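What follows is the content of work_14.cif (mmCIF, C-alpha atoms).
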```
data_start
loop_
_atom_site.label_atom_id
_atom_site.label_comp_id
_atom_site.auth_asym_id
_atom_site.auth_seq_id
_atom_site.Cartn_x
_atom_site.Cartn_y
_atom_site.Cartn_z
CA MET A 1357 98.07 84.28 101.96
CA ASN A 1358 96.95 87.86 101.46
CA ALA A 1359 94.41 90.23 102.94
CA GLU A 1360 91.68 88.80 100.71
CA SER A 1361 90.12 85.56 101.91
CA PRO A 1362 87.94 82.70 100.62
CA ALA A 1363 84.27 83.47 100.18
CA HIS A 1364 83.04 81.05 102.86
CA SER A 1365 85.84 80.79 105.41
CA PRO A 1366 84.33 79.62 108.73
CA ALA A 1367 83.77 82.19 111.47
CA LEU A 1368 85.62 81.94 114.77
CA GLY A 1369 83.78 80.00 117.43
CA PRO A 1370 84.39 79.89 121.21
CA ASP A 1371 87.05 77.19 120.84
CA GLU A 1372 88.98 79.19 118.24
CA LEU A 1373 88.76 82.36 120.34
CA ASP A 1374 90.10 80.45 123.35
CA GLU A 1375 92.88 79.13 121.13
CA LEU A 1376 93.76 82.65 120.05
CA ASP A 1377 93.91 83.83 123.67
CA THR A 1378 96.18 80.92 124.55
CA LEU A 1379 98.37 81.57 121.53
CA LEU A 1380 98.75 85.25 122.39
CA ASP A 1381 99.52 84.34 126.01
CA ASP A 1382 102.35 82.15 124.72
CA LEU A 1383 103.68 84.97 122.53
CA ARG A 1384 103.59 87.21 125.58
CA THR A 1385 106.13 84.95 127.31
CA ARG A 1386 108.61 86.09 124.65
CA ALA A 1387 107.42 89.69 124.18
CA GLU A 1388 105.49 91.47 126.94
CA GLU A 1389 103.96 94.04 124.59
CA ILE A 1390 101.88 91.49 122.64
CA PRO A 1391 98.30 92.83 122.71
CA GLN A 1392 95.07 91.13 123.69
CA TRP A 1393 92.86 89.66 120.99
CA GLU A 1394 90.37 92.51 121.46
CA PHE A 1395 93.10 94.96 120.39
CA CYS A 1396 93.95 92.69 117.43
CA ASP A 1397 90.29 92.58 116.42
CA GLY A 1398 90.08 96.37 116.37
CA PHE A 1399 93.28 96.49 114.33
CA LEU A 1400 91.77 93.97 111.91
CA ALA A 1401 88.59 96.03 111.56
CA ALA A 1402 90.62 99.09 110.59
CA LEU A 1403 92.49 97.09 107.95
CA ALA A 1404 89.15 95.91 106.56
CA CYS A 1405 88.17 99.56 106.08
CA MET A 1406 91.39 100.75 104.45
CA ARG A 1407 91.63 101.85 100.84
CA ARG A 1408 94.08 99.09 99.88
CA PRO A 1409 94.65 95.50 101.02
CA VAL A 1410 97.52 95.26 103.50
CA PRO A 1411 99.42 91.94 103.19
CA PRO A 1412 100.59 89.90 106.21
CA ALA A 1413 104.21 90.82 105.47
CA GLU A 1414 103.20 94.39 106.29
CA PHE A 1415 100.56 94.12 109.02
CA LEU A 1416 101.94 91.17 111.02
CA PRO A 1417 105.18 92.88 112.14
CA MET A 1418 103.24 96.07 112.83
CA LEU A 1419 100.91 94.20 115.18
CA LEU A 1420 103.28 91.66 116.72
CA GLY A 1421 106.81 92.72 115.81
CA ASP A 1422 109.06 95.71 115.32
CA GLY A 1423 106.85 97.36 112.71
CA LEU A 1424 109.24 96.84 109.80
CA PRO A 1425 107.67 95.01 106.82
CA LEU A 1426 108.98 91.52 106.18
CA GLU A 1427 110.95 91.01 102.98
CA VAL A 1428 109.38 88.18 101.02
CA ALA A 1429 110.75 86.99 97.69
CA GLU A 1430 108.11 86.10 95.11
CA GLY A 1431 106.96 82.53 95.58
CA GLU A 1432 108.70 82.21 98.96
CA PRO A 1433 106.91 81.58 102.28
CA LEU A 1434 106.45 84.37 104.79
CA PRO A 1435 109.45 84.65 107.16
CA VAL A 1436 108.68 83.71 110.77
CA LEU A 1437 108.54 86.58 113.26
CA GLU A 1438 110.82 86.10 116.25
CA VAL A 1439 107.87 86.20 118.64
CA PHE A 1440 106.41 82.96 117.25
CA ALA A 1441 107.70 79.63 118.54
CA ASP A 1442 107.89 78.24 115.02
CA ALA A 1443 106.45 78.47 111.52
CA ALA A 1444 103.51 76.25 112.48
CA GLN A 1445 102.42 78.62 115.24
CA GLN A 1446 102.61 81.64 112.95
CA SER A 1447 100.71 79.77 110.25
CA ARG A 1448 97.95 78.88 112.72
CA PHE A 1449 97.63 82.48 113.88
CA LEU A 1450 97.28 83.65 110.28
CA GLU A 1451 94.74 80.90 109.59
CA LEU A 1452 92.57 82.05 112.50
CA TRP A 1453 93.12 85.67 111.45
CA THR A 1454 91.86 84.85 107.95
CA HIS A 1455 88.71 83.25 109.34
CA ARG A 1456 87.94 86.38 111.35
CA TRP A 1457 88.90 88.65 108.44
CA ASP A 1458 86.46 86.87 106.17
CA GLU A 1459 83.70 87.06 108.79
CA VAL A 1460 84.23 90.81 109.32
CA GLN A 1461 84.14 91.51 105.58
CA ARG A 1462 80.90 89.56 105.19
CA GLN A 1463 79.32 91.40 108.09
CA LEU A 1464 80.39 94.85 106.93
CA ASP A 1465 79.16 94.19 103.40
CA ALA A 1466 75.78 92.84 104.55
CA GLN A 1467 72.75 95.10 104.30
CA VAL A 1468 71.57 95.34 107.91
CA GLN A 1469 69.04 97.65 109.51
CA SER A 1470 69.84 96.81 113.13
CA LEU A 1471 72.94 95.75 115.03
CA ASP A 1472 70.82 93.03 116.65
CA GLU A 1473 70.66 91.12 113.35
CA ASP A 1474 72.71 87.94 113.09
CA GLU A 1475 74.53 89.30 110.03
CA ALA A 1476 75.59 92.53 111.76
CA TYR A 1477 79.22 93.27 112.58
CA ALA A 1478 80.04 92.46 116.20
CA PRO A 1479 83.45 93.51 117.55
CA GLU A 1480 85.22 91.10 119.87
CA ALA A 1481 84.91 93.47 122.82
CA MET A 1482 84.73 92.28 126.42
CA ASP A 1483 83.27 94.05 129.44
CA MET A 1484 86.29 93.60 131.71
CA ARG A 1485 84.75 95.68 134.47
CA GLY A 1486 81.65 93.51 134.39
CA ALA A 1487 83.73 90.33 134.38
CA ILE A 1488 85.73 91.45 137.41
CA ALA A 1489 82.63 92.69 139.23
CA SER A 1490 81.13 89.22 138.73
CA LEU A 1491 84.07 87.49 140.45
CA PRO A 1492 83.89 86.24 144.06
CA GLU A 1493 84.77 88.92 146.60
CA ALA A 1494 88.20 87.45 147.39
CA GLU A 1495 89.21 87.48 143.73
CA ARG A 1496 87.85 91.00 143.25
CA ALA A 1497 89.99 92.16 146.15
CA GLU A 1498 93.11 90.97 144.32
CA MET A 1499 92.24 93.38 141.47
CA GLN A 1500 91.98 96.43 143.71
CA GLY A 1501 94.04 99.36 142.46
CA GLN A 1502 94.43 97.99 138.94
CA GLU A 1503 93.29 100.09 135.98
CA ILE A 1504 90.48 98.24 134.23
CA PRO A 1505 89.62 99.27 130.65
CA SER A 1506 86.12 100.38 129.77
CA PHE A 1507 83.84 98.38 127.50
CA GLY A 1508 85.07 98.63 123.90
CA GLN A 1509 88.13 100.69 124.82
CA ILE A 1510 90.78 98.09 123.90
CA TRP A 1511 89.04 97.38 120.58
CA ALA A 1512 89.00 101.10 119.73
CA LEU A 1513 92.68 101.48 120.65
CA GLY A 1514 93.52 98.62 118.27
CA PHE A 1515 91.53 100.30 115.50
CA MET A 1516 93.30 103.62 116.03
CA PHE A 1517 96.69 101.89 116.17
CA ALA A 1518 96.19 100.87 112.54
CA VAL A 1519 94.98 104.35 111.60
CA GLU A 1520 98.03 105.97 113.19
CA ASN A 1521 100.49 103.62 111.50
CA TRP A 1522 99.07 104.01 107.97
CA PRO A 1523 98.24 107.74 108.05
CA GLU A 1524 98.53 108.14 104.28
CA GLU A 1525 95.65 105.69 103.83
CA TRP A 1526 93.46 107.70 106.22
CA ALA A 1527 94.23 111.17 104.89
CA ALA A 1528 91.08 113.22 104.32
CA PRO A 1529 89.80 113.05 100.73
CA ARG A 1530 89.55 116.26 98.72
CA ASP A 1531 85.79 116.00 98.42
CA LYS A 1532 84.38 118.05 101.31
CA GLU A 1533 81.37 115.82 101.84
CA ALA A 1534 83.53 112.69 101.94
CA ALA A 1535 86.02 114.38 104.27
CA GLN A 1536 83.20 115.29 106.67
CA TRP A 1537 81.90 111.73 106.48
CA LEU A 1538 85.38 110.52 107.46
CA ASP A 1539 85.68 112.97 110.35
CA ASP A 1540 82.28 112.08 111.75
CA ALA A 1541 82.98 108.35 111.64
CA MET A 1542 86.42 108.69 113.22
CA GLU A 1543 85.02 110.80 116.06
CA HIS A 1544 82.78 107.91 117.12
CA ILE A 1545 85.70 105.48 117.26
CA VAL A 1546 88.03 107.91 119.00
CA ALA A 1547 85.32 108.47 121.62
CA LEU A 1548 85.61 104.80 122.60
CA THR A 1549 89.32 105.17 123.34
CA GLU A 1550 88.33 107.38 126.28
CA ASP A 1551 87.37 106.07 129.70
CA ASP A 1552 83.72 105.44 130.55
CA THR A 1553 83.09 107.83 133.44
CA GLY A 1554 79.30 107.56 133.39
CA LYS A 1555 77.15 105.91 136.03
CA PRO A 1556 77.23 102.08 135.66
CA GLU A 1557 73.76 100.97 134.61
CA VAL A 1558 74.13 97.69 132.68
CA CYS A 1559 76.49 94.72 132.56
CA MET A 1560 77.72 93.76 129.10
CA TYR A 1561 79.47 90.68 130.51
CA SER A 1562 76.33 88.85 131.60
CA ASP A 1563 72.62 89.65 131.70
CA ASP A 1564 72.41 89.23 135.47
CA GLY A 1565 75.81 90.71 136.35
CA PRO A 1566 76.33 93.83 138.47
CA PRO A 1567 76.16 97.17 136.59
CA SER A 1568 79.52 98.01 135.05
CA THR A 1569 78.85 100.14 131.96
CA SER A 1570 76.93 103.36 131.44
CA MET A 1571 74.11 103.55 128.93
CA ALA A 1572 75.98 106.39 127.24
CA ARG A 1573 78.86 103.99 126.66
CA VAL A 1574 76.56 101.34 125.19
CA GLU A 1575 75.16 103.93 122.79
CA ALA A 1576 78.66 105.15 121.90
CA PHE A 1577 79.69 101.55 121.17
CA GLY A 1578 76.78 101.19 118.76
CA GLU A 1579 77.69 104.45 117.03
CA ALA A 1580 81.26 103.21 116.64
CA ILE A 1581 80.04 100.03 114.95
CA TRP A 1582 77.97 102.03 112.47
CA ALA A 1583 81.04 104.21 111.93
CA VAL A 1584 82.99 101.14 110.82
CA TYR A 1585 80.28 100.46 108.24
CA ASP A 1586 80.58 104.05 107.03
CA LEU A 1587 84.37 103.87 106.77
CA ARG A 1588 84.25 100.61 104.85
CA GLN A 1589 81.74 102.12 102.40
CA LEU A 1590 83.63 105.41 102.13
CA TRP A 1591 87.02 103.98 101.22
CA ARG A 1592 85.56 101.34 98.91
CA SER A 1593 83.67 104.03 97.02
CA LEU A 1594 86.81 106.15 96.64
CA GLY A 1595 89.08 103.26 95.66
CA PRO A 1596 92.85 102.97 96.20
CA ARG A 1597 94.74 106.19 96.82
CA GLN A 1598 96.29 107.51 93.62
CA GLU A 1599 99.92 108.58 93.74
CA PRO A 1600 100.46 111.99 92.10
CA VAL A 1601 102.27 111.90 88.77
CA VAL A 1602 105.37 114.07 88.89
CA LYS A 1603 106.47 115.26 85.46
CA PRO A 1604 110.22 115.88 85.20
CA ALA A 1605 111.25 119.44 84.48
CA GLU A 1606 111.91 120.05 80.79
CA PRO A 1607 115.41 121.41 80.05
CA GLY A 1608 115.84 124.94 78.75
CA ARG A 1609 116.20 125.43 75.00
CA ASN A 1610 119.93 126.10 75.32
CA ASP A 1611 120.58 123.33 77.86
CA PRO A 1612 122.20 120.03 76.83
CA CYS A 1613 119.57 117.58 75.61
CA TRP A 1614 118.55 114.96 78.15
CA CYS A 1615 119.26 112.13 75.65
CA GLY A 1616 123.03 112.58 75.92
CA SER A 1617 123.60 113.50 72.28
CA GLY A 1618 125.77 116.49 73.23
CA LYS A 1619 123.52 118.85 71.26
CA LYS A 1620 121.50 121.65 72.70
CA PHE A 1621 117.92 120.71 73.54
CA LYS A 1622 116.53 123.12 70.90
CA LYS A 1623 118.62 121.38 68.20
CA CYS A 1624 117.70 117.87 69.35
CA HIS A 1625 114.53 116.59 71.07
CA GLY A 1626 113.28 120.14 71.53
CA ALA A 1627 113.30 120.81 67.79
#
```

Rendering of file as structure tokens:
Amino acid sequence: MNAESPAHSPALGPDELDELDTLLDDLRTRAEEIPQWEFCDGFLAALACMRRPVPPAEFLPMLLGDGLPLEVAEGEPLPVLEVFADAAQQSRFLELWTHRWDEVQRQLDAQVQSLDEDEAYAPEAMDMRGAIASLPEAERAEMQGQEIPSFGQIWALGFMFAVENWPEEWAAPRDKEAAQWLDDAMEHIVALTEDDTGKPEVCMYSDDGPPSTSMARVEAFGEAIWAVYDLRQLWRSLGPRQEPVVKPAEPGRNDPCWCGSGKKFKKCHGA
């Protein structure tokens, strides 16, 4: 498997999303720092925007392991991360990841005019404050004092986690217009990593739920989605990052020739 996926891989449905949550809960019994799926989905979106495909041997340990790329011999299967119960569990996670990856690529490459369109990219972001506010009073009381993330915040943190761990892929291009395009897009995503301190006006968890999210936050979320479109287009238009060619220093005319002949350079390859 690699970062590219089949053209018509099925999208994740409610059952698959529940399966992912259950799978990540199981991983969390072996490693407390395993993130929520919302964080993973933001991380995935950033990878979909990057200038080069990042293979599972590189992104999987960054997301769920120690960050060190897995060593995979050509033709050999991917080693199993310690956090997975077995190879089958890791394989299932990557299968579900591929389905979501394919869906995100299709959405970001679709020509949409509105984020309300069925083909538009939709992050897997949950309104946790709205969900908790919708709980019975006794259950809400149990959550008192806990820090509850704002709408879209976990997704944005996952996106920025990928940006921070592959900084060379997100370095500003030399073209000033492209660099400004990058800065503007990143500002919208970084804004979502901050807390929503506005007046709660709408509930993104359910249509009839108590207000939990400010309208400013809803608008910022929309801007962040359009920013993902911009980043995908920007990096695809620029292509993979080119490594600079370093030309070795040429020896002086009276230095020994680099070929090992024992002659001076001016009498040998410098003639």

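Selection by the PyMOL selection byres ((chain A and resi 1567) around 10) on the present file picks out A:Arg1485, A:Gly1486, A:Ala1489, A:Ser1490, A:Lys1555, A:Pro1556, A:Glu1557, A:Val1558, A:Cys1559, A:Met1560, A:Tyr1561, A:Ser1562, A:Asp1563, A:Asp1564, A:Gly1565, A:Pro1566, A:Ser1568, A:Thr1569, A:Ser1570.
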
Quick one: distance from atom CA of A:Ile1545 to atom CA of A:Arg1592 in Å, one decimal?
->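 The value is 18.8 Å.
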
By how many Å are atom CA of A:Leu1434 and atom CA of A:Ala1413 apart?
-> 6.9 Å

Choose the residue, out of A:Val1574, A:Ala1444, A:Ala1583, A:Ile1488, that has the smallest atom-to-atom separation from A:His1544; count only C-alpha atoms.
->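 Using only C-alpha atoms, A:His1544 sits closest to A:Ala1583.
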
Report as a list of chain:residue names the residues that result from applying the PyMOL selection byres ((chain A and resi 1521-1532) around 10) to the structure here.
->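 Written out, the selection comes to A:Leu1403, A:Cys1405, A:Met1406, A:Arg1407, A:Arg1408, A:Val1410, A:Phe1415, A:Met1418, A:Gly1423, A:Met1516, A:Phe1517, A:Ala1518, A:Val1519, A:Glu1520, A:Glu1533, A:Ala1534, A:Ala1535, A:Gln1536, A:Trp1537, A:Leu1538, A:Asp1539, A:Met1542, A:Leu1587, A:Leu1590, A:Trp1591, A:Leu1594, A:Pro1596, A:Arg1597.
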
The distance between atom CA of A:Gly1514 and atom CA of A:Val1468 is 24.5 Å

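Nearest to A:Arg1573 of all the residues A:Pro1433, A:Leu1452, A:Gly1508, A:Leu1513 is A:Gly1508, based on only C-alpha atoms.
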
Near stretch 1368-1381 of chain A, counting only C-alpha atoms, which residues have an atom at most 8 Å away, once you skip same-chain residues fewer than 5 positions from it, shown as a PyMOL selection string?
-> chain A and resi 1390-1393+1449+1452+1455-1456

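Applied to the file shown here, the PyMOL selection byres ((chain A and resi 1512) around 10) selects the residues Glu1394, Phe1395, Asp1397, Gly1398, Phe1399, Ala1401, Ala1402, Pro1479, Ala1481, Phe1507, Gly1508, Gln1509, Ile1510, Trp1511, Leu1513, Gly1514, Phe1515, Met1516, Phe1517, His1544, Ile1545, Val1546, Ala1547, Leu1548, Thr1549, Glu1550, Phe1577 and Ala1580 of chain A.
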
Which residue, A:Leu1400, A:Gly1554, A:Asp1586, A:Arg1448, has the smallest gap to A:Glu1480 when you use only C-alpha atoms?
-> A:Leu1400
